[in-house]
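Novice: Let me give you the structure first, and then I'll get to my questions.
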Amino acid sequence: MLARFLYAAYKRGYVFTRWRKRHVTPPGVTLVAISVLAGIFGVNIFKTSLYQIMAAGVSVMAVSLLGSVVPFRLKVRIHRILPDYATCGDPVTYEIDITNLSSKPQKGLILYEDIQDPRPDFETLLSKREPFEHLRNAWDKNTLYYRWLWLLQKNQKARFRQVSLPDLPAGGTTRVTAGFIPRYRGYVHFSGVTFARPDVMGLFCRLFQIKKAQTVLVLPKRYLLAPPDLLSTRHYHPGGIRLASSIGDSDEFMSLRQYRPGDPLRNIHWRTFAKTNELVIKEFEDEYFVRHALILDTFSPPGNERIFEAAVSIASSYIASLQIHESILDLMFVGNLSYSFSSGRGLAHSGKMLELMACVEPCEDKTIFELVPALQASIKKISCSICVFLGWDAGHKKIYQMFKQFRVKAFIIVVAVDKLKMEQKMVQELTATDRITVVEIGQIQETLGAE
Amino acid sequence: MKAPPFFLGAILLFWGGQMKTLWFALIVAVILESARLVKVKFELTPSDVNKFVDISIILLAGTIVMALTIENQKALSILLKWLPLIFFPIMAVQQFSTTGKIDLRSFFLGGRKKVEDLFYEPKTIDVSYIYSLFCLFSAGTAKPEGLVFYSAVSLFFTWALWQVRSKRFSCWVWAGCILGILISGYGVQKSLRMAAWTINRWMIQYYADYYTTNPFKTHTALGEIGKFKLSDKIMLRAWSDAVMPGETFLLHTATYNKFILSNWFIRSRFESIVPSEDFPSLWQIHPPVNETKKMTIYFRQGQKTIVLSLPFGVISISEMKVGQCEKNELQVIRIAGGPSLIKGVVSYTGQLTYDAPPDDHDFLIPKKEKNALAAIAAELSLENKSDEEILTCIKQYFLTHYTYSLDLKGKGEAQTPLLNFLRHTKAGHCEFFATATALLLRQVNIPARYATGYMAHEYSRLENQLVVRKRDAHAWVKVYVDGQWKNFDTTPPSFIKIDSQNIAVSRVTDLFSFLGFKLSQLRHETGEKLMNQYGVWLIVPLAGILFFRLRKTNRIKRARMPGTPGENKKQRPGDLSFFPVETLLSQKGFPRYPHETYSAWFGRIDPYFGSRDIMDHLQPVLLLLNRHRFSKHGLNKQEKKKFESCLNRLLKTVIQDLPLAQVDGDIKSVI
């Protein structure tokens, strides 16, 4: 009951704050505050002169409000020149072409970008956990205010600033630079723009909205990571054209070499044998393509958002840094279903993988065991694997054992809030940590970064 | 939003002018405005900024405490007055920091939590306009004088609004709007003032005509004192040479002259008493007379305005530090403003000389009670008696036919509580006796008024003064006989005993009350007196403490004039010194470096002694010296003697015989 009431209050509060921010400029807010305070403290006019401040403030507000009620209409066409992608944390600048279609120049306007309503629904507010909620006091936890703020920021994806427009000449097109700072990965949905016209005092504004829907995908934050020592050779792996665009050994002759037991007899260079009486083998270019797997653990309970985001960032960094035109990368993770995507060698490019990473969501109702069948099906094709885990429990151990069993080299990364505690836990569970790297949040570049 | 250049300075100067602290404001203004010229800025961390904010918060808290201590009523204005100085550290840190802004989280202790750092981006604000606002508010607390303040407000508003004006409109349009704003603002402030005056007049009229509020003590209901009587709380303390332990003493609070619907009312206006210019705490209530008695009374001021309970015939009240004092023609004296404990040394005659002569109100009898009173008057055959006889008769009547009771029975089956008292219960407390007496006297055409106050009778041995409790509240009659007003009390004298028995006194509560009283006395009376007389001398011990603390932490060091050698330390008697050895060896060409310990020195010069076994003599002396200097127990007498003898032998026999240092033919080469 209380939560529902708070939710309703926050929703209305958001609407009011948005209205206030766009209709009242910061000097306007200051003036209102001054007038109110002067009214409170100067109520006894026989003792202080503060009521005179209130009188002046009220007069300014009255004139300003009168000026702001004058109707405001614009005839403009806008065209945003947005980049395809943005990266979380990196400021983005883009341009907007504004064509003033009227015969009257426009001066002193302010432009606000409108984005899709970021208010979360009631269920999301209840189910999600703010990353540092466990550090908050009981009041903050119970009022859900900080969780609401966090969800708002998360849904907004980016922080926009108002743009003070230059003069818009009649009939002319003006290009202005706008920008935003992406704070969360995913799609930023632009719904339109709002033009604000301040009154003569610059305190209150009249708004005019234009719809213009566009989207920008914010990719996860990426680090410059050192390439892992991945095995790039064939080791009982099937080859052939079926598994790649050209798999197996091609007919491209490379060189001759001494025969080694086990070499196919049909590749013996008989002419040399006839001349020298020594077995020499013809070598052909190897058409086998190394297949790597990138396994992302998405099984994150509520409140584990930071670990999950760090894991996504690590996975994205590897996707971006691996030379996947030389190999095939299978990306495996679980959302509502178990997903497996392949890229490289003409199948797809890394950009697509990053798009997937931009939209991947934590899976809160399943365990990593969901991934085991998919992994079993494809493990024989994999040369080497990078696993990004969010913890270390039975499921993770099973995958680790599976790699050992099939002699697939695995580079396992465990993301943890406290590296020391995680390592101690692994030691207690007698896990051989020689191929496991524990990465602390905030220390990703330092731990895995390229030197 | 950053304030425009010189805006802060101008507003600070205005504040200084209004507060009569122009020089002080000038210094602050110069400091803040100099930040624009000074190119050196400080790179401050958030924790550094937090410290400056903390200083301001401490100053704010200190000012609040001080303001409340000095004068409760003016605490807000005192606080507002010093706002620019309180928040000066924050403003200064913004002006001289490289960021030029203050992190909003610094203002909230909760915002400084680590969680905020981890997750949320810092929000910074420019506090220059807020600071300007504080200056303007502070200046506004000064006494209003003409249009000075409004002119200044107009100027600063125009200045600030010019910065944020919309570029959409021309300057002329903006100027026209500003002109309109200033004119309308003037109209608004004038209207507000007129409205306030109108409301004020209306309020005065309302209170004067309809007697509604208790703080002005313009009416009292039957039963009010009865409720008072149920508490043992100490209301006031009094001390006088004229009052002896065991005596009773009436303290008059208010007099009423009109009885309507079980309520006593007063129809009288209060007039202000102007304190003496030379002695602002002396309030001359009536012209001085020759023979007066004195009584010192301490009141607790719980409300803004209180009515004083005083002896009769007050001439003057001295040592009373209050903001306002008023009296009415029925000798009700009320005060406003002042500390929580108010002292007053009252000079009084003890006579009802100054009460206004009787008028029509003093003869009024309500219709409902008229018949009952007429019946009693007839029963007592009062009509044919003299005034004195009537008084005696009435007193005797109430003493014999009525009993004292604290049980409030209300009106019962009668029309009014008074009728119930007169006809049925024949028992009640002082209010009923006084009311019935007053009305009975009026029935026989003797002017009478209803008076309330306290019957002081309890002499506290703990406090060595009279203590007056709530239960001592009392009502009696002022009767006009033989051309003068007299007190006439028909309540059975046993009421003091009955009250004392019924309302028990808690000694523990009394003790705490006394401690509270003493603390207040210390704070408001003794403390102030001490501060006035000896406040300056407080600087001496405080400066001493500061000096010793600085000295202890080695923050005070004696500066040596350049080029002058340091004085030799005087050897204390009984102290052991290696200085003669050092001097002699130095003369021989083996000086010690200032940074060198004796051991290191001996180690360095030992090779130059060749076969001489000087070190064998030096080492034991040095050992003893070190024990003397560093050992917890030092040397005993014998060891000291041994040290002296060894030292003498060393000096006279060994070192004396040493030739001058002949290393490489130069003494300096040894050094």
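Here, A, B, ... name the chains of the structure tokens in the order displayed, residue numbers run from 1 inside each chain, and ligands are numbered from 1 in the same displayed order.
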Report as a PyMOL selection string all protein, DNA and RNA residues lying within 7 Å of segment 268-275 of chain B, evaluated on only C-alpha atoms, omitting residues in the same chain fewer than 5 positions from it.

Specialist: chain B and resi 208+280-285+325-329

Novice: Taking only C-alpha atoms into account and nothing else, which residues of chain B lie no more than 7 Å away from chain A? Please answer as a list in words.

Specialist: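 Result: Val115, Phe137, Gly140, Thr141, Ala142, Lys143, Pro144, Tyr150, Val153, Leu161, Val164, Arg165, Ser166, Lys167, Arg168, Phe169, Trp174, Ile181, Leu182, Ser184, Gly185, Val188, Gln189 and Arg193 of chain B.
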
Novice: Would you mind exporting C-alpha atoms of the selected residues as a JSON list (two decimals), in the first residue's frame?

Specialist:
[["chain", "number", "residue", "atom", "x", "y", "z"],
["B", 115, "VAL", "CA", 27.69, 5.28, -1.53],
["B", 137, "PHE", "CA", 18.24, 39.25, 4.13],
["B", 140, "GLY", "CA", 16.76, 43.67, 5.76],
["B", 141, "THR", "CA", 16.75, 42.99, 9.50],
["B", 142, "ALA", "CA", 18.02, 46.50, 10.20],
["B", 143, "LYS", "CA", 15.54, 49.10, 11.34],
["B", 144, "PRO", "CA", 13.49, 50.15, 8.30],
["B", 150, "TYR", "CA", 13.72, 49.17, -1.32],
["B", 153, "VAL", "CA", 16.73, 45.83, -3.43],
["B", 161, "LEU", "CA", 18.24, 40.24, -13.76],
["B", 164, "VAL", "CA", 19.77, 36.46, -17.17],
["B", 165, "ARG", "CA", 17.58, 38.53, -19.48],
["B", 166, "SER", "CA", 16.31, 36.91, -22.64],
["B", 167, "LYS", "CA", 18.21, 37.84, -25.80],
["B", 168, "ARG", "CA", 14.91, 37.58, -27.65],
["B", 169, "PHE", "CA", 13.90, 41.03, -26.54],
["B", 174, "TRP", "CA", 13.64, 44.87, -20.84],
["B", 181, "ILE", "CA", 8.43, 46.01, -12.01],
["B", 182, "LEU", "CA", 10.06, 48.57, -9.74],
["B", 184, "SER", "CA", 4.63, 47.87, -9.10],
["B", 185, "GLY", "CA", 7.02, 46.48, -6.47],
["B", 188, "VAL", "CA", 3.07, 46.14, -3.51],
["B", 189, "GLN", "CA", 5.39, 46.88, -0.60],
["B", 193, "ARG", "CA", 2.65, 47.93, 4.82]]

Novice: Choose the residue, out of A:Cys359, A:Leu390, A:Ile268, A:Leu168, that has the smallest atom-to-atom separation from Pro105 of chain A; count only C-alpha atoms.

Specialist: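 That would be A:Leu168, the residue with the smallest distance to Pro105 of chain A.
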
Novice: Identify, with DSSP run on backbone atoms, the residues in segment 363-462 of chain B assigned to strand (DSSP E), and express the list as a PDB file with N, CA and C atoms, in the first residue's frame.

Specialist:
ATOM      1  N   THR B 403     -18.180  26.140  53.049  1.00  0.00           N
ATOM      2  CA  THR B 403     -16.914  25.435  53.318  1.00  0.00           C
ATOM      3  C   THR B 403     -16.030  25.497  52.074  1.00  0.00           C
ATOM      4  N   TYR B 404     -14.747  25.322  52.361  1.00  0.00           N
ATOM      5  CA  TYR B 404     -13.777  25.367  51.248  1.00  0.00           C
ATOM      6  C   TYR B 404     -13.638  23.967  50.637  1.00  0.00           C
ATOM      7  N   ALA B 427     -20.203  25.043  48.916  1.00  0.00           N
ATOM      8  CA  ALA B 427     -18.783  24.670  49.051  1.00  0.00           C
ATOM      9  C   ALA B 427     -18.091  24.979  47.735  1.00  0.00           C
ATOM     10  N   GLY B 428     -16.905  25.486  47.814  1.00  0.00           N
ATOM     11  CA  GLY B 428     -16.167  25.812  46.598  1.00  0.00           C
ATOM     12  C   GLY B 428     -14.796  26.349  46.948  1.00  0.00           C
ATOM     13  N   ALA B 448     -17.221  46.833  43.936  1.00  0.00           N
ATOM     14  CA  ALA B 448     -16.305  45.706  44.223  1.00  0.00           C
ATOM     15  C   ALA B 448     -15.729  45.159  42.915  1.00  0.00           C
ATOM     16  N   ARG B 449     -14.510  44.686  43.000  1.00  0.00           N
ATOM     17  CA  ARG B 449     -13.842  44.103  41.835  1.00  0.00           C
ATOM     18  C   ARG B 449     -13.281  42.741  42.221  1.00  0.00           C
ATOM     19  N   TYR B 450     -13.079  41.980  41.205  1.00  0.00           N
ATOM     20  CA  TYR B 450     -12.576  40.620  41.414  1.00  0.00           C
ATOM     21  C   TYR B 450     -11.075  40.624  41.121  1.00  0.00           C
ATOM     22  N   ALA B 451     -10.276  40.181  42.053  1.00  0.00           N
ATOM     23  CA  ALA B 451      -8.823  40.212  41.871  1.00  0.00           C
ATOM     24  C   ALA B 451      -8.266  38.788  41.922  1.00  0.00           C
ATOM     25  N   THR B 452      -7.266  38.550  41.079  1.00  0.00           N
ATOM     26  CA  THR B 452      -6.604  37.228  41.101  1.00  0.00           C
ATOM     27  C   THR B 452      -5.120  37.431  41.350  1.00  0.00           C
ATOM     28  N   GLY B 453      -4.499  36.390  41.820  1.00  0.00           N
ATOM     29  CA  GLY B 453      -3.055  36.454  42.078  1.00  0.00           C
ATOM     30  C   GLY B 453      -2.623  35.216  42.837  1.00  0.00           C
ATOM     31  N   TYR B 454      -1.676  35.411  43.718  1.00  0.00           N
ATOM     32  CA  TYR B 454      -1.148  34.279  44.487  1.00  0.00           C
ATOM     33  C   TYR B 454      -1.107  34.627  45.962  1.00  0.00           C
ATOM     34  N   MET B 455      -1.336  33.620  46.748  1.00  0.00           N
ATOM     35  CA  MET B 455      -1.176  33.776  48.196  1.00  0.00           C
ATOM     36  C   MET B 455       0.181  33.145  48.548  1.00  0.00           C
ATOM     37  N   ALA B 456       1.204  33.988  48.675  1.00  0.00           N
ATOM     38  CA  ALA B 456       2.545  33.485  48.982  1.00  0.00           C
ATOM     39  C   ALA B 456       2.615  33.197  50.470  1.00  0.00           C
ATOM     40  N   GLU B 458       4.678  30.048  51.456  1.00  0.00           N
ATOM     41  CA  GLU B 458       5.632  28.958  51.675  1.00  0.00           C
ATOM     42  C   GLU B 458       7.054  29.497  51.634  1.00  0.00           C
ATOM     43  N   TYR B 459       7.699  29.409  52.764  1.00  0.00           N
ATOM     44  CA  TYR B 459       9.084  29.857  52.824  1.00  0.00           C
ATOM     45  C   TYR B 459       9.986  28.642  52.697  1.00  0.00           C
ATOM     46  N   SER B 460      10.775  28.608  51.636  1.00  0.00           N
ATOM     47  CA  SER B 460      11.621  27.438  51.395  1.00  0.00           C
ATOM     48  C   SER B 460      12.949  27.598  52.123  1.00  0.00           C
TER      49      SER B 460
END

Novice: Using atom CA of Gln163 of chain B and atom CA of Phe88 of chain B as the two end points, give the distance in Å to one decimal.

Specialist: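 Computed distance, atom CA of Gln163 of chain B to atom CA of Phe88 of chain B, equals 23.6 Å.
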
Novice: Select from segment 20-160 of chain A everything DSSP, run on the backbone, classes as alpha helix (DSSP H), then give the selection as a PyMOL selection string.

Specialist: chain A and resi 20-23+26-41+50-68+122-127+138-143+145-156

Novice: Keeping C-alpha atoms, export the residues of the selection given above as a compact mmCIF listing (two decimals), in the first residue's frame.

Specialist:
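What ended up in result-v4.txt:
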# COMPACT_ATOMS: atom_id res chain seq x y z
CA ARG A 20 9.33 22.81 -13.54
CA LYS A 21 12.74 22.31 -15.15
CA ARG A 22 11.44 23.25 -18.55
CA HIS A 23 9.06 26.02 -17.58
CA PRO A 26 17.30 28.35 -12.61
CA PRO A 27 17.14 32.13 -12.04
CA GLY A 28 13.36 31.76 -11.90
CA VAL A 29 13.64 29.08 -9.21
CA THR A 30 16.02 31.29 -7.26
CA LEU A 31 13.63 34.23 -7.46
CA VAL A 32 10.68 32.15 -6.29
CA ALA A 33 12.75 30.85 -3.38
CA ILE A 34 13.85 34.38 -2.48
CA SER A 35 10.28 35.66 -2.51
CA VAL A 36 8.97 32.80 -0.40
CA LEU A 37 11.78 33.06 2.15
CA ALA A 38 11.44 36.81 2.33
CA GLY A 39 7.70 36.34 2.89
CA ILE A 40 8.30 33.89 5.73
CA PHE A 41 11.04 35.77 7.52
CA LEU A 50 12.32 41.74 4.19
CA TYR A 51 8.77 42.16 2.93
CA GLN A 52 10.19 44.68 0.47
CA ILE A 53 12.30 41.90 -1.07
CA MET A 54 9.15 39.83 -1.34
CA ALA A 55 7.31 42.74 -2.95
CA ALA A 56 10.03 43.22 -5.55
CA GLY A 57 10.23 39.45 -6.16
CA VAL A 58 6.49 39.12 -6.59
CA SER A 59 6.47 42.01 -9.05
CA VAL A 60 9.24 40.44 -11.13
CA MET A 61 7.43 37.11 -11.11
CA ALA A 62 4.15 38.72 -12.10
CA VAL A 63 5.69 40.49 -15.11
CA SER A 64 7.63 37.38 -16.05
CA LEU A 65 4.56 35.14 -15.81
CA LEU A 66 2.55 37.57 -17.88
CA GLY A 67 5.24 37.48 -20.54
CA SER A 68 5.37 33.70 -20.53
CA PHE A 122 5.53 -0.57 -10.30
CA GLU A 123 6.70 -4.19 -10.55
CA THR A 124 10.14 -3.13 -11.74
CA LEU A 125 10.42 -0.69 -8.86
CA LEU A 126 9.68 -3.48 -6.43
CA SER A 127 11.78 -6.21 -8.01
CA ALA A 138 16.45 1.78 6.52
CA TRP A 139 14.60 4.96 5.61
CA ASP A 140 16.17 5.16 2.17
CA LYS A 141 15.53 1.48 1.59
CA ASN A 142 11.89 1.67 2.60
CA THR A 143 11.02 4.83 0.74
CA TYR A 145 13.48 6.87 -3.53
CA TYR A 146 17.06 6.11 -4.51
CA ARG A 147 15.95 2.99 -6.31
CA TRP A 148 13.47 5.13 -8.23
CA LEU A 149 16.22 7.59 -9.15
CA TRP A 150 18.50 4.80 -10.25
CA LEU A 151 15.81 3.21 -12.43
CA LEU A 152 15.05 6.60 -13.98
CA GLN A 153 18.70 7.08 -14.87
CA LYS A 154 18.93 3.54 -16.17
CA ASN A 155 15.92 3.97 -18.42
CA GLN A 156 17.03 7.37 -19.62

Novice: Give me, please, the distance in Å between atom CA of Ile55 of chain B and atom CA of Ser520 of chain B, quoted to one decimal.

Specialist: 29.0 Å

Novice: Smallest atom-to-atom distance to Glu361 of chain A: which of A:Tyr400, A:Phe204, A:Phe389, A:Phe308, using only C-alpha atoms?

Specialist: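 Checking each candidate against Glu361 of chain A, we get A:Phe308 as the closest.
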
Novice: Could you name the residues that touch Leu418 of chain B at 10 Å or less, counting only C-alpha atoms, but leaving out those on the same chain fewer than 6 positions away, as JSON, numbers by chain?

Specialist: {"B": [222, 261, 262, 368, 369, 372, 410, 411, 424, 425, 426, 428, 431, 432, 433, 435, 436]}

Novice: Set the distance at 12 Å and use only C-alpha atoms: which residues neighbour Arg73 of chain A once local chain neighbours fewer than 5 positions away are removed? I'd like the list as number ranges by chain.

Specialist: A: 100-102, 104, 106, 109, 194-197, 206-210

Novice: Can those selected residues be exported to a file as a PDB file, in the first residue's frame so that it contains N, CA and C atoms?

Specialist:
ATOM      1  N   ASN A 100      14.153  27.117 -40.100  1.00  0.00           N
ATOM      2  CA  ASN A 100      13.062  28.008 -39.700  1.00  0.00           C
ATOM      3  C   ASN A 100      12.178  28.269 -40.923  1.00  0.00           C
ATOM      4  N   LEU A 101      10.998  27.685 -40.930  1.00  0.00           N
ATOM      5  CA  LEU A 101      10.130  27.766 -42.109  1.00  0.00           C
ATOM      6  C   LEU A 101       9.272  29.030 -42.114  1.00  0.00           C
ATOM      7  N   SER A 102       9.323  29.762 -41.038  1.00  0.00           N
ATOM      8  CA  SER A 102       8.472  30.966 -40.981  1.00  0.00           C
ATOM      9  C   SER A 102       9.201  32.169 -41.580  1.00  0.00           C
ATOM     10  N   LYS A 104       9.680  34.829 -39.947  1.00  0.00           N
ATOM     11  CA  LYS A 104      10.112  35.646 -38.819  1.00  0.00           C
ATOM     12  C   LYS A 104      11.333  34.987 -38.164  1.00  0.00           C
ATOM     13  N   GLN A 106      13.893  33.789 -35.316  1.00  0.00           N
ATOM     14  CA  GLN A 106      13.672  33.402 -33.918  1.00  0.00           C
ATOM     15  C   GLN A 106      14.962  33.601 -33.136  1.00  0.00           C
ATOM     16  N   LEU A 109      16.106  31.106 -28.203  1.00  0.00           N
ATOM     17  CA  LEU A 109      15.362  29.887 -27.865  1.00  0.00           C
ATOM     18  C   LEU A 109      16.277  28.871 -27.190  1.00  0.00           C
ATOM     19  N   THR A 194      11.891  19.784 -27.799  1.00  0.00           N
ATOM     20  CA  THR A 194      11.047  20.845 -27.242  1.00  0.00           C
ATOM     21  C   THR A 194      11.797  22.165 -27.339  1.00  0.00           C
ATOM     22  N   PHE A 195      11.147  23.147 -27.902  1.00  0.00           N
ATOM     23  CA  PHE A 195      11.724  24.496 -27.944  1.00  0.00           C
ATOM     24  C   PHE A 195      11.120  25.295 -26.795  1.00  0.00           C
ATOM     25  N   ALA A 196      11.976  25.984 -26.069  1.00  0.00           N
ATOM     26  CA  ALA A 196      11.497  26.815 -24.958  1.00  0.00           C
ATOM     27  C   ALA A 196      11.788  28.275 -25.268  1.00  0.00           C
ATOM     28  N   ARG A 197      10.786  29.096 -25.034  1.00  0.00           N
ATOM     29  CA  ARG A 197      10.971  30.525 -25.265  1.00  0.00           C
ATOM     30  C   ARG A 197      10.900  31.252 -23.919  1.00  0.00           C
ATOM     31  N   ARG A 206       7.867  29.395 -22.211  1.00  0.00           N
ATOM     32  CA  ARG A 206       6.714  28.812 -22.907  1.00  0.00           C
ATOM     33  C   ARG A 206       7.288  27.760 -23.860  1.00  0.00           C
ATOM     34  N   LEU A 207       6.640  26.596 -23.931  1.00  0.00           N
ATOM     35  CA  LEU A 207       7.230  25.481 -24.686  1.00  0.00           C
ATOM     36  C   LEU A 207       6.478  25.218 -25.989  1.00  0.00           C
ATOM     37  N   PHE A 208       7.238  24.623 -26.928  1.00  0.00           N
ATOM     38  CA  PHE A 208       6.648  24.150 -28.181  1.00  0.00           C
ATOM     39  C   PHE A 208       7.348  22.846 -28.551  1.00  0.00           C
ATOM     40  N   GLN A 209       6.544  21.789 -28.747  1.00  0.00           N
ATOM     41  CA  GLN A 209       7.142  20.468 -28.962  1.00  0.00           C
ATOM     42  C   GLN A 209       6.993  20.018 -30.411  1.00  0.00           C
ATOM     43  N   ILE A 210       8.011  19.306 -30.898  1.00  0.00           N
ATOM     44  CA  ILE A 210       7.962  18.697 -32.231  1.00  0.00           C
ATOM     45  C   ILE A 210       8.350  17.232 -32.086  1.00  0.00           C
TER      46      ILE A 210
END

Novice: Report, in Å with one decimal, the straight-line distance from atom CA of Ser276 of chain B to atom CA of Met235 of chain B.

Specialist: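 Interatomic distance, atom CA of Ser276 of chain B to atom CA of Met235 of chain B: 28.0 Å.
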
Novice: Quick one: of B:Asp489, B:Gln415, B:Arg442, B:Lys470, who's nearest to Leu399 of chain B, counting only C-alpha atoms?

Specialist: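 Among B:Asp489, B:Gln415, B:Arg442, B:Lys470, it is B:Asp489 that comes nearest to Leu399 of chain B.
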
Novice: Excluding same-chain residues fewer than 5 positions from Gly391 of chain A, what lies within 7 Å of it counting only C-alpha atoms, as a PyMOL selection string?

Specialist: chain A and resi 414-416

Novice: Tell me which of B:Tyr397, B:Phe134, B:Tyr186, B:Tyr598 sits closest to Phe579 of chain B, counting only C-alpha atoms.

Specialist: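 Nearest to Phe579 of chain B: B:Tyr598.
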
Novice: Quick one: everything within 12 Å of Glu446 of chain A, counting only C-alpha atoms, minus sequence neighbours fewer than 4 positions away in the same chain. Send it as a list in words.

Specialist: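 My list of contacting residues is Tyr223, Leu224, Leu225, Ala226, Val438, Val439, Glu440, Ile441, Gly442, Ala450 and Glu451 of chain A.
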